[in-house]
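Novice: My questions will all concern the structure given below.
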Amino acid sequence: MKLMKNTLCLVCLLGLSVTTIADLVVKEGYVRKPIPGRTMTAAFMDIHNTATTEVVLTRAKLEGAKRVEIHTHTHEDGMMKMREIFELPIKAGQTVTLKPGGLHLMIFGITHLPENPKLELCSADKICYSTTIESRSLVKKH
Ligand SMILES: [Cu+2]
C-alpha cells in the first residue's frame with residue numbers, strides 16, 4: 001500500500017497525470033435533449049484511454065447543466081435501478097462504453113442546452129479532459 005502511494009506521488013511530481021488525462025478520447029458522445037418541461041437527462045459515449053496508465057474519472061461537467069453524476073444500472077430484485085458511482089476506472093488501452101441501460105452520465109438542472117455542449121471529464125486529482133458532444137432528440141433517426 002505504501003509503495004502504491006509513493007508511486008502515485010512520483011506520478012504527481014513528474015506531471016505525468018496531465019498526460020494521462022489528455023489521452024482520453026471520447027467517441028460517439030451525445031446527450032439526450034430533455035423532454036420539454038424537464039431539466040434532467042442522460043449522456044452516453046465511448047471513453048477510450050489511450051494512455052499507459054489507468055485513469056479514474058470522478059467528476060463530470062456539461063455546458064448548460066448544473067450538475068452531472070456518473071450512474072450505473074444494477075439489477076435488484078428483478079428491477080433495474082440506477083446507482084451513482086463515485087469512481088469510474090478506465091484501464092490503460094481500455095474503452096468504457098456509456099449506453100442506455102448501462103453506465104451513463106446523469107445530467108441535472110439543464111437551463112439551455114447548446115447543440116454541441118462542452119463536456120469535461122475530471123480525474124480525482126482535478127485534471128480535466130474536455131471535449132464536445134452532440135445534443136440529440138429522443139426520436140430515433142431511421
Ligand atoms: Cu441515471
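How things are named: the first chain in the C-alpha cells is A, the next is B, and so on; residues count from 1 in each chain; ligands count from 1 in the order shown.
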Could you give me, as a count of residues only, the residues within 8 Å of Leu121 in chain A, counting only C-alpha atoms and dropping anything in the same chain fewer than 2 positions from it?
Specialist: 10
Novice: May I ask you to write as a PyMOL selection string all residues lying at most 6 Å from ligand 1, with only C-alpha atoms and all ligand atoms counted?
Specialist: chain A and resi 71+82+106
Novice: What's the 7 Å shell around Val25 in chain A, counting only C-alpha atoms, without same-chain residues fewer than 3 positions away, as a count of residues only?
Specialist: 3
Novice: Give me every strand (DSSP E) residue in chain A, going by DSSP on the backbone, as a PyMOL selection string.
Specialist: chain A and resi 24-32+41-49+55-62+67-76+79-85+88-90+95-98+104-108+118-123+128-132+134-136
Novice: For CA of Val56 in chain A and CA of Val68 in chain A, determine how far apart the two atoms are, in Å to one decimal place.
Specialist: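 Computed distance, CA of Val56 in chain A to CA of Val68 in chain A, equals 16.0 Å.
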Novice: Which of range 6-142 of chain A counts as helix (DSSP H, G or I) under DSSP, as a list in words please?
Specialist: Asn6, Thr7, Leu8, Cys9, Leu10, Val11, Cys12, Leu13, Leu14, Leu16, Ser17, Val18, Thr19, Thr20, Ile21 and Ala22 of chain A
Novice: With C-alpha atoms retained, could you export that selection as a PDB file, in the first residue's frame?
Specialist:
```pdb
ATOM      1  CA  ASN A   6       4.856   6.555  -3.329  1.00  0.00           C
ATOM      2  CA  THR A   7       4.315   5.638  -6.922  1.00  0.00           C
ATOM      3  CA  LEU A   8       1.277   7.890  -7.139  1.00  0.00           C
ATOM      4  CA  CYS A   9       3.208  10.760  -5.650  1.00  0.00           C
ATOM      5  CA  LEU A  10       6.029  10.261  -8.106  1.00  0.00           C
ATOM      6  CA  VAL A  11       3.471  10.429 -10.874  1.00  0.00           C
ATOM      7  CA  CYS A  12       2.252  13.775  -9.492  1.00  0.00           C
ATOM      8  CA  LEU A  13       5.744  15.193  -9.289  1.00  0.00           C
ATOM      9  CA  LEU A  14       6.570  14.282 -12.827  1.00  0.00           C
ATOM     10  CA  LEU A  16       2.501  12.526 -15.776  1.00  0.00           C
ATOM     11  CA  SER A  17      -1.121  12.643 -14.728  1.00  0.00           C
ATOM     12  CA  VAL A  18      -1.622  15.608 -17.066  1.00  0.00           C
ATOM     13  CA  THR A  19      -0.575  13.481 -19.998  1.00  0.00           C
ATOM     14  CA  THR A  20      -2.728  10.662 -18.742  1.00  0.00           C
ATOM     15  CA  ILE A  21      -5.996  12.539 -18.768  1.00  0.00           C
ATOM     16  CA  ALA A  22      -5.195  14.193 -22.093  1.00  0.00           C
TER      17      ALA A  22
END
```
Novice: Report as a ChimeraX atom specification all protein, DNA and RNA residues lying within 12 Å of Glu63 in chain A, evaluated on only C-alpha atoms, omitting residues in the same chain fewer than 4 positions from it.
Specialist: /A:31,67-68,107-121,130-135
Novice: A:Val26, A:Met45, A:Lys33, A:Glu76: which is nearest Thr97 in chain A, counting only C-alpha atoms?
Specialist: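 Between A:Val26, A:Met45, A:Lys33, A:Glu76, the residue approaching Thr97 in chain A most closely is A:Met45.
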Novice: Which is closer to Thr53 in chain A than all the others in A:Gly78, A:Pro36, A:Pro100, A:Gly93, using only C-alpha atoms?
Specialist: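 Of A:Gly78, A:Pro36, A:Pro100, A:Gly93, the one nearest Thr53 in chain A, counting only C-alpha atoms, is A:Gly93.
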Novice: Using only C-alpha atoms, find the one residue out of A:Met79, A:Leu105, A:Ala124, A:Leu88 that sits nearest to Arg32 in chain A.
Specialist: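 For Arg32 in chain A, the nearest of the candidates is A:Leu105.
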Novice: Write out as a ChimeraX atom specification each polymer residue whose atoms come within 7 Å of Thr50 in chain A, counting only C-alpha atoms; drop sequence neighbours fewer than 6 positions from it.
Specialist: /A:23-24,92-93
Novice: Only C-alpha atoms, please: the residues just picked out, written as a compact mmCIF listing (two decimals), in the first residue's frame.
Specialist:
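Heads up, here's the output in again_35.txt:
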```txt
# COMPACT_ATOMS: atom_id res chain seq x y z
CA ASP A 23 -5.02 10.73 -23.52
CA LEU A 24 -8.71 10.13 -23.19
CA ALA A 92 -4.81 1.63 -19.96
CA GLY A 93 -5.90 0.92 -23.50
```
Novice: Between A:Ile90, A:Ile127, A:Phe44, A:Cys122, which has the minimum distance to Gly102 in chain A (counting only C-alpha atoms)?
Specialist: A:Phe44
Novice: So what do you get for CA of Ile35 in chain A versus CA of Lys66 in chain A, distance-wise?
Specialist: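 Here the two named atoms are 16.8 Å from each other.
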Novice: CA of Gly64 in chain A and CA of Met40 in chain A are how many Å apart?
Specialist: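 Taking CA of Gly64 in chain A as the start and CA of Met40 in chain A as the end point, the length is 11.4 Å.
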Novice: With only C-alpha atoms as the counted atoms, please give the residues lying no more than 7 Å from Leu103 in chain A, apart from itself and same-chain residues fewer than 4 positions off, as a ChimeraX atom specification.
Specialist: /A:71-73,98-99
Novice: Next, dump the selected residues to file, keeping only C-alpha atoms, as a PDB file, in the first residue's frame.
Specialist:
```pdb
ATOM      1  CA  HIS A  71     -24.520   6.435 -12.887  1.00  0.00           C
ATOM      2  CA  THR A  72     -24.731   2.746 -13.488  1.00  0.00           C
ATOM      3  CA  HIS A  73     -27.646   0.348 -13.650  1.00  0.00           C
ATOM      4  CA  LEU A  98     -21.734   4.519 -21.587  1.00  0.00           C
ATOM      5  CA  LYS A  99     -25.008   3.413 -23.117  1.00  0.00           C
TER       6      LYS A  99
END
```
